[in-house]
Each structure stands twice: as structure tokens, then as C-alpha cells.
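Engineer: Pasting in a structure now, in C-alpha cells, and then I'll have a few things to ask.
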Amino acid sequence: MTATPPESARADAKGDFSLILLLAAVTAIGPFTLHLLAPALPQISARFDVPAAWAQPMLSLSLVAMAIANLAWGPLSDRYGRRPVLLCGLALGAAGSALAALAPELWVALLGRLLQAAGGSAGMVLARAVAQDIYGSQRSAAVIGQITAVMVAAPMIAPTLSGLVVEEIGWRGIFWIAAGLCALLVVWTRAGLAETAPAGGASARIGAMLQGFREIGANSAFWRYAGYAACSLAGFYYFVGTTPYVMRDAFGEGPATYGFYFIMLSATYMLTNFLCGPITARLGAERTLIWGAVISFIGPLVSAGLLVMGFHQPIVLFLPGILQSFGAGLAVPNAMAGAVASSPERAGAASGLLGASQFLLAAATTQLGGFLDHSNAFIIPGVMCLMLIAGFVCLFGLGRRV
């Protein structure tokens, strides 16, 4: 029998827009700081006089830190509660951001970025767990879609803001912005989030945590959804981490131009996430997921085709990306909801393992981008196509629908 959250938490949260806005904000801080960083990477590598591949770990290793932290935040929240664990994560994100802003050497900036990433990832894990606690498997996909739609507003402006900040006051300014936002979220969470975890939570002992992960990992339905979500996210973060270099080397454009074009993709993703709930209610979670996955794959295919035909402008990367963003906005919320719903009694651990798998794969593809030839724009849609093909293998080759 699945445990239920306290009645007060469920009643207070039902239809509560302020809760969804808070969950969106704490979910957004991790992606927001990541998108702030990406346009600054060329300047960071120049400031410390290192090749791009040496600065790239600030992005790729931070994804590893997020993956490892995801494995801890989820089970800890199952045991100690969503609220106190989230507050600890946000405080860690603020401290790491300040350390990176003050860093005299690249390794200190990297350490600060790793702490920032680990702390910021707590919101991504726990918002999904809170949604499962309160709304259950039937409504959580729509709620996750709403959370994602609101949170995308922050990453949508992050590259543009970062490009302007980097060009005007330098890369350290983006870390001071992140530190201030994390501190504000600590205050907001203390005031606005009630505890939602089921009473009598799971043990936080290492052995019990590992056993919980083994049980979730043996569930092929979990990997069907988590595998697709991981491949989709890895392709997206590869785009985020590699495109600023391609914009510079292949098209001769700076970070502000990258930020301007990126708004189109983020706006599409935000709109589609608002539509995800109604569309899922009409078509069903499974059909919405599959149609979204198909539409998402068309985007990089079109981009690759245009490059082969000889079109060589930045819009060739970004305009077809609108299709990819539209499809991902339908598919990914349903994939994440399906993964968490596969183990509702361990929603925190399932959400953590989902996040870890996403960020580990994203770390590998992001670091790969640091070693490729950035003067060849084809590396963007080419790798994204490969990642989405792997996602289809998971979607159609593993498990069954929850």
C-alpha cells in the first residue's frame, strides 16, 4: 500500500498556483545557472589562458556533480522530508556561487561551480517528488508540465542576460547573480513550502538507500521512461554547451547573438509545456509521449539537411530547433512522470535516479563537445540525432507503460 502525504499538505496544495510557481522556481535554479555559464565559457578559458577543453569541465563536471547529488537528495528527502533537504541544497548553491565568483584560479572556480550545481539540483529532484506526493501518477505529468513551463522563463532569459553581463562586466558577474537568487529561494522556500513527504519515510542508511536504488533499477518500465528522458536532456545540454563555440568559430558570432537566438527555443518549450497537460488529458500520456518524441527528432534532421544543402547561417541551427523544443515539451514531462510513477513509494529515490541518469549522460555528451571541431556546424544536429535515436531504442525496446 502506497503511503500518502499529510492531509494538510494535499489540501493546501490542490489548485495552488503559488505552490506551482515555487516548485518551478526551485526547479529552474539549476538549469538557470547552467545557461548562465554556457555563454561565459569562451571568456573563462581566455581569462585563465587555457584551451576550451580545459574550461569545458565547468559545464561537464558540474553535470556529474548534479548526477551524484541527485542520488543523495532523493533518498534523503524520503527519510527527512522534502522541505529541510531542499533548504540545505539551496544554501549550498548560494555558497558555491559565491566561491566561484571570488575564484583566483580556474580550479577554485571549478570547485565553486561543482558546489553550485550540486546544491541547485536539489530543486529539480524534489519538485518532481512533491508533485508525486500531492497529485499522484494521474495528474503529476500535467503538474510537471506546468512546473517546467514556468521554470523555462528563467533559462529563456539566462543566455541573453549572461551574454550581456559577460560583455559588460565579465564572467564573475554571472556567479554573483546566481548566489543572490539562491539566497532568495532559501527565504521563499522557508515561507512557502509545507512538508509533503509521506509519514514514516524510508530509511536513509546507506544499505537501505542502495537497496531502494536496486529495486528501482530492476524495473524495466522505469528505464523505458528514464532512458528517453536522459537521451533527450543529453542532446539538449550538448546543444547548450557546444553551440557557443560553433557560433564563434563557424559563424563569427558572439555570446549575445547566441542568447538572442536561444530565446526562440526556450519560448517554444515554455509554450508547449503549458499545453502538455491539456494535450495529455486528451490523447493520453503514452500517445503524447510518442508523438512528442517523433516531432522532436524531426528538428535536428531538418537542420542537418539544410547544412548539407549549403545553407550556412546561425538560423539553420536554431529554427529547426523549434521543432525539437516543441516535441520535447510534450514528451519529456510525460517521460519524467512515468519514471517517477513507476515507484511511487520511493518517489524521491526514483526522481533522484532519473536525474542522475540524465546528468551523467549529459556530462559525457557535453564534454565531447569540447573536443570536436567547432568550425563545422554539422556537429550540432549530428550528435543530437544520435542521442534521440538512442532515446527511441529505450522508448520502444524497454519495459512497458506504467
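Every chain in the C-alpha cells takes a letter, A first, then B, and so on in the order presented; its residues are numbered from 1, and the ligands are numbered from 1 following the presented order.
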If we count only C-alpha atoms and set the cut-off at 10 Å, which residues sit around stretch 284-300 of chain A, ignoring sequence neighbours fewer than 4 positions away in its own chain? Please answer as an MDAnalysis selection string.
Structural biologist: chainID A and resid 138 141:142 225 228:229 232 276:280 304:306 316:335 337:338 378 380:389 391:392 395:396 401:402
Engineer: Restrict the selected residues to N, CA and C atoms and save them as a compact mmCIF listing (two decimals), in the first residue's frame.
Structural biologist:
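This went into part08.txt:
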# COMPACT_ATOMS: atom_id res chain seq x y z
N GLN A 138 -1.64 10.12 -11.82
CA GLN A 138 -2.58 10.54 -12.86
C GLN A 138 -2.42 12.01 -13.24
N ALA A 141 1.98 14.32 -14.43
CA ALA A 141 2.54 14.73 -15.72
C ALA A 141 2.11 16.14 -16.08
N ALA A 142 0.82 16.44 -15.86
CA ALA A 142 0.33 17.79 -16.15
C ALA A 142 1.00 18.81 -15.23
N TYR A 225 11.20 4.99 -19.52
CA TYR A 225 10.94 6.42 -19.45
C TYR A 225 12.22 7.21 -19.13
N TYR A 228 14.66 7.49 -22.18
CA TYR A 228 14.31 8.50 -23.18
C TYR A 228 14.57 9.90 -22.63
N ALA A 229 14.14 10.16 -21.39
CA ALA A 229 14.35 11.49 -20.80
C ALA A 229 15.84 11.83 -20.75
N SER A 232 17.15 12.67 -24.30
CA SER A 232 16.64 13.96 -24.74
C SER A 232 17.39 15.10 -24.05
N CYS A 276 1.05 20.85 -22.47
CA CYS A 276 1.26 19.42 -22.24
C CYS A 276 0.10 18.80 -21.45
N GLY A 277 -0.36 19.48 -20.40
CA GLY A 277 -1.44 18.94 -19.58
C GLY A 277 -2.71 18.70 -20.37
N PRO A 278 -3.27 19.73 -21.05
CA PRO A 278 -4.48 19.50 -21.84
C PRO A 278 -4.31 18.46 -22.95
N ILE A 279 -3.14 18.49 -23.62
CA ILE A 279 -2.92 17.51 -24.70
C ILE A 279 -2.83 16.10 -24.14
N THR A 280 -2.15 15.95 -23.00
CA THR A 280 -2.04 14.63 -22.38
C THR A 280 -3.41 14.14 -21.92
N ALA A 304 20.31 19.28 -40.13
CA ALA A 304 21.38 18.59 -40.84
C ALA A 304 21.17 18.67 -42.35
N GLY A 305 19.92 18.50 -42.78
CA GLY A 305 19.64 18.57 -44.20
C GLY A 305 19.95 19.94 -44.79
N LEU A 306 19.59 21.01 -44.08
CA LEU A 306 19.87 22.36 -44.58
C LEU A 306 21.37 22.62 -44.67
N VAL A 316 20.05 28.29 -39.18
CA VAL A 316 19.92 26.89 -39.59
C VAL A 316 19.99 25.95 -38.39
N LEU A 317 20.71 26.36 -37.35
CA LEU A 317 20.76 25.56 -36.12
C LEU A 317 19.54 25.81 -35.25
N PHE A 318 19.10 27.06 -35.18
CA PHE A 318 18.09 27.43 -34.19
C PHE A 318 16.65 27.27 -34.67
N LEU A 319 16.37 27.58 -35.94
CA LEU A 319 14.99 27.50 -36.40
C LEU A 319 14.46 26.06 -36.39
N PRO A 320 15.20 25.07 -36.92
CA PRO A 320 14.71 23.70 -36.78
C PRO A 320 14.66 23.25 -35.32
N GLY A 321 15.45 23.91 -34.47
CA GLY A 321 15.41 23.58 -33.05
C GLY A 321 14.06 23.87 -32.41
N ILE A 322 13.25 24.71 -33.06
CA ILE A 322 11.90 24.97 -32.56
C ILE A 322 11.07 23.69 -32.58
N LEU A 323 11.21 22.90 -33.65
CA LEU A 323 10.50 21.62 -33.72
C LEU A 323 10.97 20.69 -32.61
N GLN A 324 12.29 20.64 -32.40
CA GLN A 324 12.82 19.78 -31.34
C GLN A 324 12.29 20.22 -29.98
N SER A 325 12.23 21.52 -29.74
CA SER A 325 11.74 22.03 -28.46
C SER A 325 10.25 21.74 -28.29
N PHE A 326 9.48 21.87 -29.38
CA PHE A 326 8.05 21.58 -29.32
C PHE A 326 7.81 20.11 -28.94
N GLY A 327 8.52 19.22 -29.61
CA GLY A 327 8.35 17.81 -29.31
C GLY A 327 8.80 17.45 -27.91
N ALA A 328 9.94 18.01 -27.49
CA ALA A 328 10.45 17.73 -26.14
C ALA A 328 9.49 18.23 -25.08
N GLY A 329 8.83 19.36 -25.34
CA GLY A 329 7.87 19.90 -24.38
C GLY A 329 6.69 18.98 -24.14
N LEU A 330 6.35 18.15 -25.11
CA LEU A 330 5.30 17.15 -24.94
C LEU A 330 5.82 15.84 -24.38
N ALA A 331 6.99 15.43 -24.82
CA ALA A 331 7.49 14.10 -24.48
C ALA A 331 8.14 14.04 -23.10
N VAL A 332 8.99 15.01 -22.78
CA VAL A 332 9.81 14.90 -21.57
C VAL A 332 8.99 14.94 -20.28
N PRO A 333 8.00 15.84 -20.12
CA PRO A 333 7.22 15.77 -18.88
C PRO A 333 6.53 14.43 -18.67
N ASN A 334 6.01 13.82 -19.74
CA ASN A 334 5.38 12.52 -19.61
C ASN A 334 6.40 11.42 -19.32
N ALA A 335 7.60 11.54 -19.90
CA ALA A 335 8.64 10.57 -19.60
C ALA A 335 9.08 10.66 -18.15
N ALA A 337 7.34 11.91 -15.58
CA ALA A 337 6.23 11.46 -14.73
C ALA A 337 6.14 9.94 -14.73
N GLY A 338 6.32 9.32 -15.88
CA GLY A 338 6.27 7.86 -15.95
C GLY A 338 7.37 7.20 -15.15
N PHE A 378 27.93 21.10 -38.53
CA PHE A 378 27.20 19.83 -38.63
C PHE A 378 27.30 19.00 -37.35
N ILE A 380 26.52 19.80 -34.47
CA ILE A 380 25.37 20.05 -33.59
C ILE A 380 24.21 19.10 -33.92
N PRO A 381 23.61 19.17 -35.13
CA PRO A 381 22.49 18.26 -35.40
C PRO A 381 22.91 16.80 -35.48
N GLY A 382 24.16 16.53 -35.87
CA GLY A 382 24.61 15.14 -35.99
C GLY A 382 24.56 14.40 -34.66
N VAL A 383 25.15 15.00 -33.62
CA VAL A 383 25.15 14.36 -32.31
C VAL A 383 23.75 14.31 -31.72
N MET A 384 22.96 15.37 -31.92
CA MET A 384 21.60 15.38 -31.39
C MET A 384 20.74 14.28 -32.01
N CYS A 385 20.92 14.02 -33.30
CA CYS A 385 20.20 12.92 -33.94
C CYS A 385 20.57 11.57 -33.32
N LEU A 386 21.86 11.37 -33.06
CA LEU A 386 22.30 10.12 -32.45
C LEU A 386 21.69 9.94 -31.07
N MET A 387 21.62 11.00 -30.29
CA MET A 387 21.05 10.90 -28.95
C MET A 387 19.56 10.57 -28.99
N LEU A 388 18.83 11.17 -29.92
CA LEU A 388 17.40 10.91 -30.00
C LEU A 388 17.12 9.52 -30.53
N ILE A 389 17.98 9.01 -31.40
CA ILE A 389 17.84 7.62 -31.84
C ILE A 389 18.00 6.67 -30.65
N GLY A 391 17.31 7.41 -27.64
CA GLY A 391 16.08 7.56 -26.87
C GLY A 391 14.95 6.71 -27.41
N PHE A 392 14.84 6.61 -28.73
CA PHE A 392 13.83 5.75 -29.33
C PHE A 392 14.06 4.28 -28.97
N LEU A 395 12.65 3.84 -25.61
CA LEU A 395 11.21 4.01 -25.59
C LEU A 395 10.48 2.80 -26.15
N PHE A 396 11.02 2.21 -27.20
CA PHE A 396 10.33 1.10 -27.86
C PHE A 396 10.93 -0.26 -27.53
N ARG A 401 4.32 0.36 -20.35
CA ARG A 401 3.72 1.59 -19.85
C ARG A 401 3.30 1.39 -18.40
N VAL A 402 3.58 2.43 -17.54
CA VAL A 402 3.17 2.37 -16.14
C VAL A 402 1.67 2.47 -16.04
Engineer: Find the spatial neighbours of A:Ser77, counting only C-alpha atoms, within a cut-off of 8 Å - ignore same-chain residues fewer than 4 positions away - and output them as a ChimeraX atom specification.
Structural biologist: /A:73,81-85,126,197,348
Engineer: Select, from A:Ala98, A:Ala281, A:Ala250, A:Ala40, the residue with the minimum atom-to-atom distance to A:Leu161, counting only C-alpha atoms.
Structural biologist: A:Ala40
Engineer: Considering only C-alpha atoms, can you say which of A:Ala24, A:Phe48, A:His374, A:Phe359 comes closest to A:Ile144?
Structural biologist: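 Residue with the minimum atom-to-atom distance to A:Ile144: A:Ala24.
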Engineer: Find the residues near stretch 106-114 of chain A: any atom within 12 Å, counting only C-alpha atoms, skip ones fewer than 5 places away on the same chain, and give them as JSON, numbers by chain.
Structural biologist: {"A": [30, 33, 34, 36, 37, 41, 44, 45, 46, 47, 48, 49, 50, 51, 54, 55, 56, 57, 58, 59, 60, 61, 62, 63, 64, 65, 66, 67, 68, 69, 92, 93, 94, 95, 96, 97, 98, 99, 100, 101, 119, 120, 121, 171, 172, 174, 175, 176, 178, 179]}
Engineer: Please identify the helix (DSSP H, G or I) residues within stretch 166-398 of chain A (assignment by DSSP from backbone atoms) and present them as an MDAnalysis selection string.
Structural biologist: chainID A and resid 166:168 172:192 206:217 220:249 255:283 285:308 315:318 321:341 344:371 379:397
Engineer: Would you compute the distance between atom CA of A:Ala191 and atom CA of A:Leu87? Give it in Å to one decimal.
Structural biologist: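 Atom CA of A:Leu87 lies 11.0 Å from atom CA of A:Ala191.
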Engineer: Using only C-alpha atoms, can you tell me which of A:Ala103, A:Cys182, A:Leu353, A:Ile29 comes closest to A:Ala339?
Structural biologist: A:Leu353
